[in-house]
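S.K.: Coordinates in data-v3.pdb, PDB, C-alpha atoms, are listed below.
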ATOM      1  CA  MET S   1      -4.109  38.403 152.611  1.00  0.00           C
ATOM      2  CA  PRO S   2      -2.558  40.748 150.032  1.00  0.00           C
ATOM      3  CA  ARG S   3      -3.043  44.444 150.457  1.00  0.00           C
ATOM      4  CA  PHE S   4      -5.195  46.026 147.753  1.00  0.00           C
ATOM      5  CA  ALA S   5      -4.450  49.435 146.272  1.00  0.00           C
ATOM      6  CA  ALA S   6      -6.496  51.665 144.007  1.00  0.00           C
ATOM      7  CA  ASN S   7      -4.663  53.206 141.089  1.00  0.00           C
ATOM      8  CA  LEU S   8      -5.867  56.762 141.551  1.00  0.00           C
ATOM      9  CA  THR S   9      -4.718  57.802 138.095  1.00  0.00           C
ATOM     10  CA  MET S  10      -7.296  55.477 136.508  1.00  0.00           C
ATOM     11  CA  LEU S  11      -9.915  54.922 139.218  1.00  0.00           C
ATOM     12  CA  PHE S  12     -12.339  57.391 140.793  1.00  0.00           C
ATOM     13  CA  THR S  13     -11.789  59.827 137.932  1.00  0.00           C
ATOM     14  CA  GLU S  14     -15.323  61.069 138.547  1.00  0.00           C
ATOM     15  CA  VAL S  15     -13.726  63.473 141.032  1.00  0.00           C
ATOM     16  CA  PRO S  16     -10.495  65.533 141.020  1.00  0.00           C
ATOM     17  CA  SER S  17      -7.331  63.625 141.885  1.00  0.00           C
ATOM     18  CA  LEU S  18      -6.919  64.997 145.408  1.00  0.00           C
ATOM     19  CA  HIS S  19     -10.416  63.786 146.320  1.00  0.00           C
ATOM     20  CA  ARG S  20      -9.777  60.220 145.152  1.00  0.00           C
ATOM     21  CA  PRO S  21      -7.881  58.876 148.202  1.00  0.00           C
ATOM     22  CA  GLU S  22     -10.894  59.454 150.422  1.00  0.00           C
ATOM     23  CA  LEU S  23     -13.161  57.561 148.024  1.00  0.00           C
ATOM     24  CA  ALA S  24     -10.652  54.714 147.785  1.00  0.00           C
ATOM     25  CA  ALA S  25     -10.516  54.357 151.561  1.00  0.00           C
ATOM     26  CA  GLN S  26     -14.301  54.438 151.814  1.00  0.00           C
ATOM     27  CA  ALA S  27     -14.537  51.728 149.127  1.00  0.00           C
ATOM     28  CA  GLY S  28     -12.365  49.347 151.142  1.00  0.00           C
ATOM     29  CA  PHE S  29      -8.958  49.735 149.505  1.00  0.00           C
ATOM     30  CA  ASP S  30      -5.975  49.353 151.814  1.00  0.00           C
ATOM     31  CA  GLY S  31      -3.838  51.841 149.929  1.00  0.00           C
ATOM     32  CA  ALA S  32      -3.289  53.680 146.681  1.00  0.00           C
ATOM     33  CA  GLU S  33      -0.874  54.122 143.847  1.00  0.00           C
ATOM     34  CA  VAL S  34      -0.477  57.348 141.906  1.00  0.00           C
ATOM     35  CA  LEU S  35       1.388  57.092 138.646  1.00  0.00           C
ATOM     36  CA  PHE S  36       2.596  60.690 138.452  1.00  0.00           C
ATOM     37  CA  PRO S  37       2.052  62.671 141.665  1.00  0.00           C
ATOM     38  CA  TYR S  38       3.896  65.677 140.322  1.00  0.00           C
ATOM     39  CA  ASP S  39       1.053  68.029 139.391  1.00  0.00           C
ATOM     40  CA  HIS S  40       0.275  68.927 142.996  1.00  0.00           C
ATOM     41  CA  PRO S  41       2.561  69.974 145.862  1.00  0.00           C
ATOM     42  CA  GLU S  42       3.573  67.142 148.154  1.00  0.00           C
ATOM     43  CA  ALA S  43       1.839  68.832 151.081  1.00  0.00           C
ATOM     44  CA  GLU S  44      -1.470  68.636 149.205  1.00  0.00           C
ATOM     45  CA  TRP S  45      -0.976  64.932 148.515  1.00  0.00           C
ATOM     46  CA  GLU S  46      -0.099  64.344 152.175  1.00  0.00           C
ATOM     47  CA  LYS S  47      -3.328  65.990 153.244  1.00  0.00           C
ATOM     48  CA  ALA S  48      -5.356  64.140 150.609  1.00  0.00           C
ATOM     49  CA  LEU S  49      -3.918  60.730 151.483  1.00  0.00           C
ATOM     50  CA  SER S  50      -4.562  61.388 155.156  1.00  0.00           C
ATOM     51  CA  GLY S  51      -2.711  58.284 156.252  1.00  0.00           C
ATOM     52  CA  LEU S  52      -3.791  56.052 153.363  1.00  0.00           C
ATOM     53  CA  PRO S  53      -0.629  54.115 152.429  1.00  0.00           C
ATOM     54  CA  LEU S  54       0.922  54.897 149.065  1.00  0.00           C
ATOM     55  CA  ALA S  55       2.088  51.696 147.417  1.00  0.00           C
ATOM     56  CA  LEU S  56       3.827  53.017 144.316  1.00  0.00           C
ATOM     57  CA  ILE S  57       4.634  56.008 142.136  1.00  0.00           C
ATOM     58  CA  ASN S  58       6.389  56.247 138.769  1.00  0.00           C
ATOM     59  CA  THR S  59       9.434  58.244 137.829  1.00  0.00           C
ATOM     60  CA  PRO S  60       8.538  61.368 135.825  1.00  0.00           C
ATOM     61  CA  PRO S  61       7.787  60.427 132.194  1.00  0.00           C
ATOM     62  CA  GLY S  62       8.813  63.710 130.591  1.00  0.00           C
ATOM     63  CA  ASN S  63       6.542  65.337 128.010  1.00  0.00           C
ATOM     64  CA  TRP S  64       3.855  62.694 127.564  1.00  0.00           C
ATOM     65  CA  SER S  65       2.073  64.479 124.722  1.00  0.00           C
ATOM     66  CA  ALA S  66       5.367  64.661 122.826  1.00  0.00           C
ATOM     67  CA  GLY S  67       5.907  60.908 123.191  1.00  0.00           C
ATOM     68  CA  ASP S  68       8.180  60.733 126.241  1.00  0.00           C
ATOM     69  CA  ARG S  69       7.691  57.613 128.362  1.00  0.00           C
ATOM     70  CA  GLY S  70      10.551  57.983 130.812  1.00  0.00           C
ATOM     71  CA  PHE S  71      14.298  58.038 130.191  1.00  0.00           C
ATOM     72  CA  ALA S  72      16.061  55.180 131.990  1.00  0.00           C
ATOM     73  CA  ALA S  73      16.995  53.392 128.744  1.00  0.00           C
ATOM     74  CA  VAL S  74      17.328  56.410 126.462  1.00  0.00           C
ATOM     75  CA  PRO S  75      20.940  57.070 125.397  1.00  0.00           C
ATOM     76  CA  GLY S  76      21.931  60.680 125.823  1.00  0.00           C
ATOM     77  CA  GLN S  77      19.232  61.357 128.428  1.00  0.00           C
ATOM     78  CA  GLU S  78      21.097  60.078 131.454  1.00  0.00           C
ATOM     79  CA  ALA S  79      21.051  63.444 133.213  1.00  0.00           C
ATOM     80  CA  VAL S  80      17.323  63.834 132.587  1.00  0.00           C
ATOM     81  CA  PHE S  81      16.641  60.389 134.012  1.00  0.00           C
ATOM     82  CA  ARG S  82      18.802  60.963 137.051  1.00  0.00           C
ATOM     83  CA  ASP S  83      17.225  64.302 137.863  1.00  0.00           C
ATOM     84  CA  GLY S  84      13.804  62.696 137.503  1.00  0.00           C
ATOM     85  CA  PHE S  85      14.712  59.733 139.666  1.00  0.00           C
ATOM     86  CA  LEU S  86      15.989  61.955 142.455  1.00  0.00           C
ATOM     87  CA  ARG S  87      12.739  63.896 142.299  1.00  0.00           C
ATOM     88  CA  ALA S  88      10.730  60.665 142.467  1.00  0.00           C
ATOM     89  CA  ALA S  89      12.807  59.421 145.389  1.00  0.00           C
ATOM     90  CA  SER S  90      12.215  62.683 147.238  1.00  0.00           C
ATOM     91  CA  VAL S  91       8.459  62.539 146.642  1.00  0.00           C
ATOM     92  CA  ALA S  92       8.381  58.871 147.657  1.00  0.00           C
ATOM     93  CA  ASN S  93      10.197  59.683 150.881  1.00  0.00           C
ATOM     94  CA  ARG S  94       7.883  62.583 151.700  1.00  0.00           C
ATOM     95  CA  LEU S  95       4.691  60.641 150.929  1.00  0.00           C
ATOM     96  CA  GLY S  96       5.867  57.293 152.253  1.00  0.00           C
ATOM     97  CA  ALA S  97       5.583  55.532 148.898  1.00  0.00           C
ATOM     98  CA  GLU S  98       6.866  51.981 149.235  1.00  0.00           C
ATOM     99  CA  ARG S  99       8.104  51.608 145.663  1.00  0.00           C
ATOM    100  CA  VAL S 100       9.133  53.638 142.641  1.00  0.00           C
ATOM    101  CA  HIS S 101       8.564  52.244 139.170  1.00  0.00           C
ATOM    102  CA  VAL S 102      11.423  53.306 136.902  1.00  0.00           C
ATOM    103  CA  MET S 103      10.065  54.083 133.447  1.00  0.00           C
ATOM    104  CA  ALA S 104      12.441  52.882 130.742  1.00  0.00           C
ATOM    105  CA  GLY S 105      11.358  55.121 127.884  1.00  0.00           C
ATOM    106  CA  VAL S 106      11.245  54.714 124.125  1.00  0.00           C
ATOM    107  CA  ALA S 107      14.498  53.177 122.920  1.00  0.00           C
ATOM    108  CA  LYS S 108      15.940  49.993 121.452  1.00  0.00           C
ATOM    109  CA  GLY S 109      19.199  48.184 120.857  1.00  0.00           C
ATOM    110  CA  PRO S 110      22.313  47.219 122.837  1.00  0.00           C
ATOM    111  CA  MET S 111      23.193  50.801 123.759  1.00  0.00           C
ATOM    112  CA  ALA S 112      19.741  51.319 125.247  1.00  0.00           C
ATOM    113  CA  GLU S 113      20.135  48.195 127.361  1.00  0.00           C
ATOM    114  CA  GLN S 114      23.557  49.299 128.559  1.00  0.00           C
ATOM    115  CA  VAL S 115      22.220  52.716 129.540  1.00  0.00           C
ATOM    116  CA  TYR S 116      19.248  51.068 131.260  1.00  0.00           C
ATOM    117  CA  ARG S 117      21.446  48.789 133.323  1.00  0.00           C
ATOM    118  CA  GLU S 118      23.782  51.619 134.303  1.00  0.00           C
ATOM    119  CA  ASN S 119      20.911  53.882 135.299  1.00  0.00           C
ATOM    120  CA  LEU S 120      19.229  51.200 137.396  1.00  0.00           C
ATOM    121  CA  LEU S 121      22.423  50.463 139.293  1.00  0.00           C
ATOM    122  CA  TRP S 122      23.027  54.185 139.755  1.00  0.00           C
ATOM    123  CA  ALA S 123      19.501  54.533 141.167  1.00  0.00           C
ATOM    124  CA  THR S 124      20.061  51.803 143.735  1.00  0.00           C
ATOM    125  CA  GLY S 125      23.138  53.626 144.953  1.00  0.00           C
ATOM    126  CA  GLN S 126      21.361  56.962 145.231  1.00  0.00           C
ATOM    127  CA  ALA S 127      18.409  55.629 147.241  1.00  0.00           C
ATOM    128  CA  PRO S 128      19.547  52.374 148.854  1.00  0.00           C
ATOM    129  CA  GLU S 129      16.492  52.147 151.130  1.00  0.00           C
ATOM    130  CA  LEU S 130      13.971  52.644 148.318  1.00  0.00           C
ATOM    131  CA  ALA S 131      12.409  49.643 146.581  1.00  0.00           C
ATOM    132  CA  ILE S 132      12.419  49.931 142.795  1.00  0.00           C
ATOM    133  CA  THR S 133      10.330  48.131 140.197  1.00  0.00           C
ATOM    134  CA  VAL S 134      10.602  47.643 136.448  1.00  0.00           C
ATOM    135  CA  GLU S 135       7.552  46.841 134.328  1.00  0.00           C
ATOM    136  CA  PRO S 136       7.331  45.357 130.820  1.00  0.00           C
ATOM    137  CA  ILE S 137       4.695  47.267 128.844  1.00  0.00           C
ATOM    138  CA  ASN S 138       3.043  45.921 125.723  1.00  0.00           C
ATOM    139  CA  PRO S 139       3.954  47.590 122.413  1.00  0.00           C
ATOM    140  CA  ASP S 140       0.344  48.227 121.388  1.00  0.00           C
ATOM    141  CA  ASP S 141      -0.275  50.496 124.363  1.00  0.00           C
ATOM    142  CA  MET S 142       3.202  52.005 124.329  1.00  0.00           C
ATOM    143  CA  PRO S 143       4.916  51.685 120.925  1.00  0.00           C
ATOM    144  CA  GLY S 144       8.690  51.602 121.055  1.00  0.00           C
ATOM    145  CA  TYR S 145       8.910  51.152 124.828  1.00  0.00           C
ATOM    146  CA  PHE S 146      12.260  49.568 125.648  1.00  0.00           C
ATOM    147  CA  LEU S 147      11.128  47.064 128.282  1.00  0.00           C
ATOM    148  CA  ASN S 148       8.455  45.137 126.392  1.00  0.00           C
ATOM    149  CA  ASP S 149       8.942  41.484 127.402  1.00  0.00           C
ATOM    150  CA  PHE S 150       8.902  39.710 130.767  1.00  0.00           C
ATOM    151  CA  ASP S 151      11.713  37.348 129.777  1.00  0.00           C
ATOM    152  CA  GLN S 152      13.816  40.361 128.794  1.00  0.00           C
ATOM    153  CA  ALA S 153      13.121  41.973 132.170  1.00  0.00           C
ATOM    154  CA  ALA S 154      13.974  38.757 134.034  1.00  0.00           C
ATOM    155  CA  ARG S 155      17.289  38.432 132.193  1.00  0.00           C
ATOM    156  CA  ILE S 156      18.269  41.994 133.066  1.00  0.00           C
ATOM    157  CA  LEU S 157      17.258  41.598 136.709  1.00  0.00           C
ATOM    158  CA  GLU S 158      19.158  38.352 136.996  1.00  0.00           C
ATOM    159  CA  ASP S 159      22.286  39.934 135.536  1.00  0.00           C
ATOM    160  CA  LEU S 160      22.053  42.995 137.784  1.00  0.00           C
ATOM    161  CA  ASN S 161      21.477  40.825 140.860  1.00  0.00           C
ATOM    162  CA  ALA S 162      20.185  43.789 142.865  1.00  0.00           C
ATOM    163  CA  ALA S 163      17.717  42.726 145.554  1.00  0.00           C
ATOM    164  CA  GLN S 164      16.405  46.281 145.669  1.00  0.00           C
ATOM    165  CA  ILE S 165      14.904  45.975 142.165  1.00  0.00           C
ATOM    166  CA  GLY S 166      11.806  43.837 141.653  1.00  0.00           C
ATOM    167  CA  LEU S 167       9.534  42.936 138.768  1.00  0.00           C
ATOM    168  CA  GLN S 168       6.187  44.654 138.400  1.00  0.00           C
ATOM    169  CA  PHE S 169       3.631  42.118 137.162  1.00  0.00           C
ATOM    170  CA  ASP S 170       0.668  43.616 135.338  1.00  0.00           C
ATOM    171  CA  VAL S 171      -1.887  41.000 134.251  1.00  0.00           C
ATOM    172  CA  TRP S 172      -2.980  43.165 131.305  1.00  0.00           C
ATOM    173  CA  HIS S 173       0.508  43.669 129.916  1.00  0.00           C
ATOM    174  CA  ALA S 174       1.510  40.043 130.545  1.00  0.00           C
ATOM    175  CA  ALA S 175      -1.485  38.812 128.565  1.00  0.00           C
ATOM    176  CA  ARG S 176      -0.997  41.311 125.744  1.00  0.00           C
ATOM    177  CA  ILE S 177       2.720  40.562 125.420  1.00  0.00           C
ATOM    178  CA  HIS S 178       2.836  36.802 125.912  1.00  0.00           C
ATOM    179  CA  GLY S 179      -0.736  35.658 125.295  1.00  0.00           C
ATOM    180  CA  ASN S 180      -1.041  33.783 128.591  1.00  0.00           C
ATOM    181  CA  ALA S 181      -0.653  35.759 131.797  1.00  0.00           C
ATOM    182  CA  THR S 182      -0.784  32.615 133.927  1.00  0.00           C
ATOM    183  CA  THR S 183       2.360  31.235 132.302  1.00  0.00           C
ATOM    184  CA  VAL S 184       4.126  34.545 132.864  1.00  0.00           C
ATOM    185  CA  TRP S 185       3.103  34.550 136.533  1.00  0.00           C
ATOM    186  CA  ASP S 186       4.177  30.957 137.071  1.00  0.00           C
ATOM    187  CA  THR S 187       7.546  31.629 135.445  1.00  0.00           C
ATOM    188  CA  HIS S 188       8.423  34.936 137.056  1.00  0.00           C
ATOM    189  CA  ARG S 189       6.443  35.267 140.283  1.00  0.00           C
ATOM    190  CA  HIS S 190       9.548  34.768 142.431  1.00  0.00           C
ATOM    191  CA  ARG S 191      10.833  38.100 141.083  1.00  0.00           C
ATOM    192  CA  VAL S 192       7.569  40.012 141.499  1.00  0.00           C
ATOM    193  CA  SER S 193       7.391  42.776 144.089  1.00  0.00           C
ATOM    194  CA  HIS S 194       4.272  44.608 142.873  1.00  0.00           C
ATOM    195  CA  VAL S 195       1.123  43.407 141.080  1.00  0.00           C
ATOM    196  CA  GLN S 196      -1.425  45.268 138.964  1.00  0.00           C
ATOM    197  CA  ILE S 197      -4.669  43.698 137.777  1.00  0.00           C
ATOM    198  CA  ALA S 198      -7.320  44.423 135.183  1.00  0.00           C
ATOM    199  CA  GLY S 199      -9.852  42.500 133.153  1.00  0.00           C
ATOM    200  CA  PHE S 200      -8.907  40.744 129.936  1.00  0.00           C
ATOM    201  CA  PRO S 201      -9.526  40.969 126.985  1.00  0.00           C
ATOM    202  CA  SER S 202     -10.939  44.338 127.991  1.00  0.00           C
ATOM    203  CA  ARG S 203      -9.019  46.486 130.431  1.00  0.00           C
ATOM    204  CA  ASN S 204     -12.050  47.016 132.599  1.00  0.00           C
ATOM    205  CA  GLU S 205     -12.874  45.585 136.033  1.00  0.00           C
ATOM    206  CA  PRO S 206     -10.546  42.689 136.991  1.00  0.00           C
ATOM    207  CA  GLY S 207     -11.666  39.197 136.052  1.00  0.00           C
ATOM    208  CA  GLY S 208     -12.031  37.039 132.987  1.00  0.00           C
ATOM    209  CA  GLY S 209      -9.498  35.988 130.409  1.00  0.00           C
ATOM    210  CA  GLY S 210      -8.735  32.713 132.165  1.00  0.00           C
ATOM    211  CA  PHE S 211      -6.453  34.272 134.791  1.00  0.00           C
ATOM    212  CA  ASP S 212      -7.142  32.998 138.305  1.00  0.00           C
ATOM    213  CA  LEU S 213      -7.015  36.029 140.589  1.00  0.00           C
ATOM    214  CA  PRO S 214      -7.858  34.100 143.804  1.00  0.00           C
ATOM    215  CA  ALA S 215      -4.975  31.737 143.019  1.00  0.00           C
ATOM    216  CA  LEU S 216      -2.637  34.697 142.588  1.00  0.00           C
ATOM    217  CA  CYS S 217      -3.712  35.996 145.990  1.00  0.00           C
ATOM    218  CA  ALA S 218      -3.165  32.542 147.497  1.00  0.00           C
ATOM    219  CA  ASP S 219       0.339  32.478 146.014  1.00  0.00           C
ATOM    220  CA  LEU S 220       1.042  35.846 147.620  1.00  0.00           C
ATOM    221  CA  ASP S 221      -0.319  34.597 150.934  1.00  0.00           C
ATOM    222  CA  ALA S 222       1.980  31.584 150.785  1.00  0.00           C
ATOM    223  CA  ALA S 223       4.973  33.786 150.017  1.00  0.00           C
ATOM    224  CA  ALA S 224       4.253  35.820 153.166  1.00  0.00           C
ATOM    225  CA  GLY S 225       5.628  38.941 151.532  1.00  0.00           C
ATOM    226  CA  THR S 226       4.454  42.523 151.334  1.00  0.00           C
ATOM    227  CA  VAL S 227       3.338  42.656 147.699  1.00  0.00           C
ATOM    228  CA  TRP S 228       0.532  45.060 146.876  1.00  0.00           C
ATOM    229  CA  VAL S 229      -2.198  44.118 144.391  1.00  0.00           C
ATOM    230  CA  ALA S 230      -3.339  47.274 142.637  1.00  0.00           C
ATOM    231  CA  GLY S 231      -6.432  47.733 140.511  1.00  0.00           C
ATOM    232  CA  GLU S 232      -5.137  49.496 137.412  1.00  0.00           C
ATOM    233  CA  TYR S 233      -7.975  49.425 134.915  1.00  0.00           C
ATOM    234  CA  ARG S 234     -10.526  51.537 133.072  1.00  0.00           C
ATOM    235  CA  PRO S 235     -13.828  51.346 134.953  1.00  0.00           C
ATOM    236  CA  SER S 236     -16.729  50.469 132.692  1.00  0.00           C
ATOM    237  CA  ARG S 237     -19.039  52.504 134.930  1.00  0.00           C
ATOM    238  CA  ALA S 238     -18.678  54.705 137.992  1.00  0.00           C
ATOM    239  CA  THR S 239     -15.789  53.172 139.938  1.00  0.00           C
ATOM    240  CA  VAL S 240     -17.777  52.515 143.104  1.00  0.00           C
ATOM    241  CA  HIS S 241     -20.346  50.497 141.142  1.00  0.00           C
ATOM    242  CA  GLY S 242     -17.760  48.071 139.769  1.00  0.00           C
ATOM    243  CA  LEU S 243     -15.917  46.930 142.874  1.00  0.00           C
ATOM    244  CA  MET S 244     -17.426  43.446 143.242  1.00  0.00           C
ATOM    245  CA  TRP S 245     -13.983  42.078 142.332  1.00  0.00           C
ATOM    246  CA  LEU S 246     -12.441  43.751 145.387  1.00  0.00           C
ATOM    247  CA  GLN S 247     -15.102  42.354 147.702  1.00  0.00           C
ATOM    248  CA  ALA S 248     -14.711  38.903 146.149  1.00  0.00           C
ATOM    249  CA  LEU S 249     -10.922  38.840 146.443  1.00  0.00           C
ATOM    250  CA  LYS S 250     -11.080  39.998 150.028  1.00  0.00           C
ATOM    251  CA  SER S 251     -13.554  37.274 150.931  1.00  0.00           C
ATOM    252  CA  ARG S 252     -12.427  34.737 148.284  1.00  0.00           C
ATOM    253  CA  ASN S 253     -15.670  32.862 148.542  1.00  0.00           C
ATOM    254  CA  ARG S 254     -17.120  33.500 145.101  1.00  0.00           C
ATOM    255  CA  PRO S 255     -15.830  33.698 141.514  1.00  0.00           C
ATOM    256  CA  ILE S 256     -14.590  36.906 139.971  1.00  0.00           C
ATOM    257  CA  GLY S 257     -16.735  38.073 137.067  1.00  0.00           C
ATOM    258  CA  ASP S 258     -15.956  40.374 134.137  1.00  0.00           C
TER     259      ASP S 258
END
Spit out the file's structure as structure tokens when you get a sec.

M.R.:
Amino acid sequence: MPRFAANLTMLFTEVPSLHRPELAAQAGFDGAEVLFPYDHPEAEWEKALSGLPLALINTPPGNWSAGDRGFAAVPGQEAVFRDGFLRAASVANRLGAERVHVMAGVAKGPMAEQVYRENLLWATGQAPELAITVEPINPDDMPGYFLNDFDQAARILEDLNAAQIGLQFDVWHAARIHGNATTVWDTHRHRVSHVQIAGFPSRNEPGGGGFDLPALCADLDAAAGTVWVAGEYRPSRATVHGLMWLQALKSRNRPIGD
């Protein structure tokens, strides 16, 4: 059975961030992901997690309100990216995070792709024991984001041929980018090392939109890997009152509703 993580940046926002791991554990999640665990000292996160596994963190995005969305593909910002990656790697090591998602940033063109490739390979050399993911993000949610297509990501990963770097499959972004998340999963699942789920066409509780979540879990079972499935969505009500999807996927004996 896949391990299920709560995205603590989007779930359990009824309480402050350092109180969310406890609620996630009580709700039946096996672990957590925290997109940007940089606003609190690592010692505070260690205490808050209290042994709850941390599946994934992101590299620092920069000044979000000013439009920064990471720097891995941004020409001229190589030093900023590399400083941020080393910080993320240090935090991941301290907190036991299994993967770091490298945020590409807002950029386009051949130079951006060259910088992206060089930075990814540099990152693998700096933290050879750390698993890295890359995630295509749809242009409506993140205008101008460099990595905005799963086929683009697959081509880059194939060219780099670095086993340390995997594809992050987000059902929401796959559906928004390509129209059919199932086709994306079927095409690229052999590259996937981390999964995020949400409802479609809303981004609320997982389910709906024609995507078969139990089948995805069965595929992960058959692969016998260590892929996490993280709930990364906007709860339509208090988080604890919308977790029927988690219970259903863990038991897999009833359909997943919207």

S.K.: Could you tell me which of S:Ala104, S:Ala123, S:Tyr116, S:Thr59 comes closest to Asn148 of chain S if we count all atoms listed in the file?

M.R.: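 Among the listed residues, the smallest separation from Asn148 of chain S belongs to S:Ala104.
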
S.K.: Ranking S:Tyr233, S:Glu98, S:Gly210, S:Asp68 by minimum distance to Gly179 of chain S and counting only C-alpha atoms, which one comes first?

M.R.: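 Ranked by minimum distance to Gly179 of chain S, first place goes to S:Gly210.
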
S.K.: Give me the residues within 12 Å of segment 22-32 of chain S as a PyMOL selection string, counting all atoms listed in the file and dropping any in the same chain fewer than 4 places off.

M.R.: chain S and resi 1-18+37+45-57+95-99+196+227-232+238-250

S.K.: Anything within 12 Å of (19.9, 49.1, 127.0): list those residues as a PyMOL selection string, counting all atoms listed in the file and sticking to the file's coordinates.

M.R.: chain S and resi 71-76+78+104-120+145-147+152-153+156

S.K.: Quick one: pull the distance between atom CA of Ala224 of chain S and atom CA of Thr182 of chain S, Å, one decimal.

M.R.: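 Separation between atom CA of Ala224 of chain S and atom CA of Thr182 of chain S: 20.1 Å.
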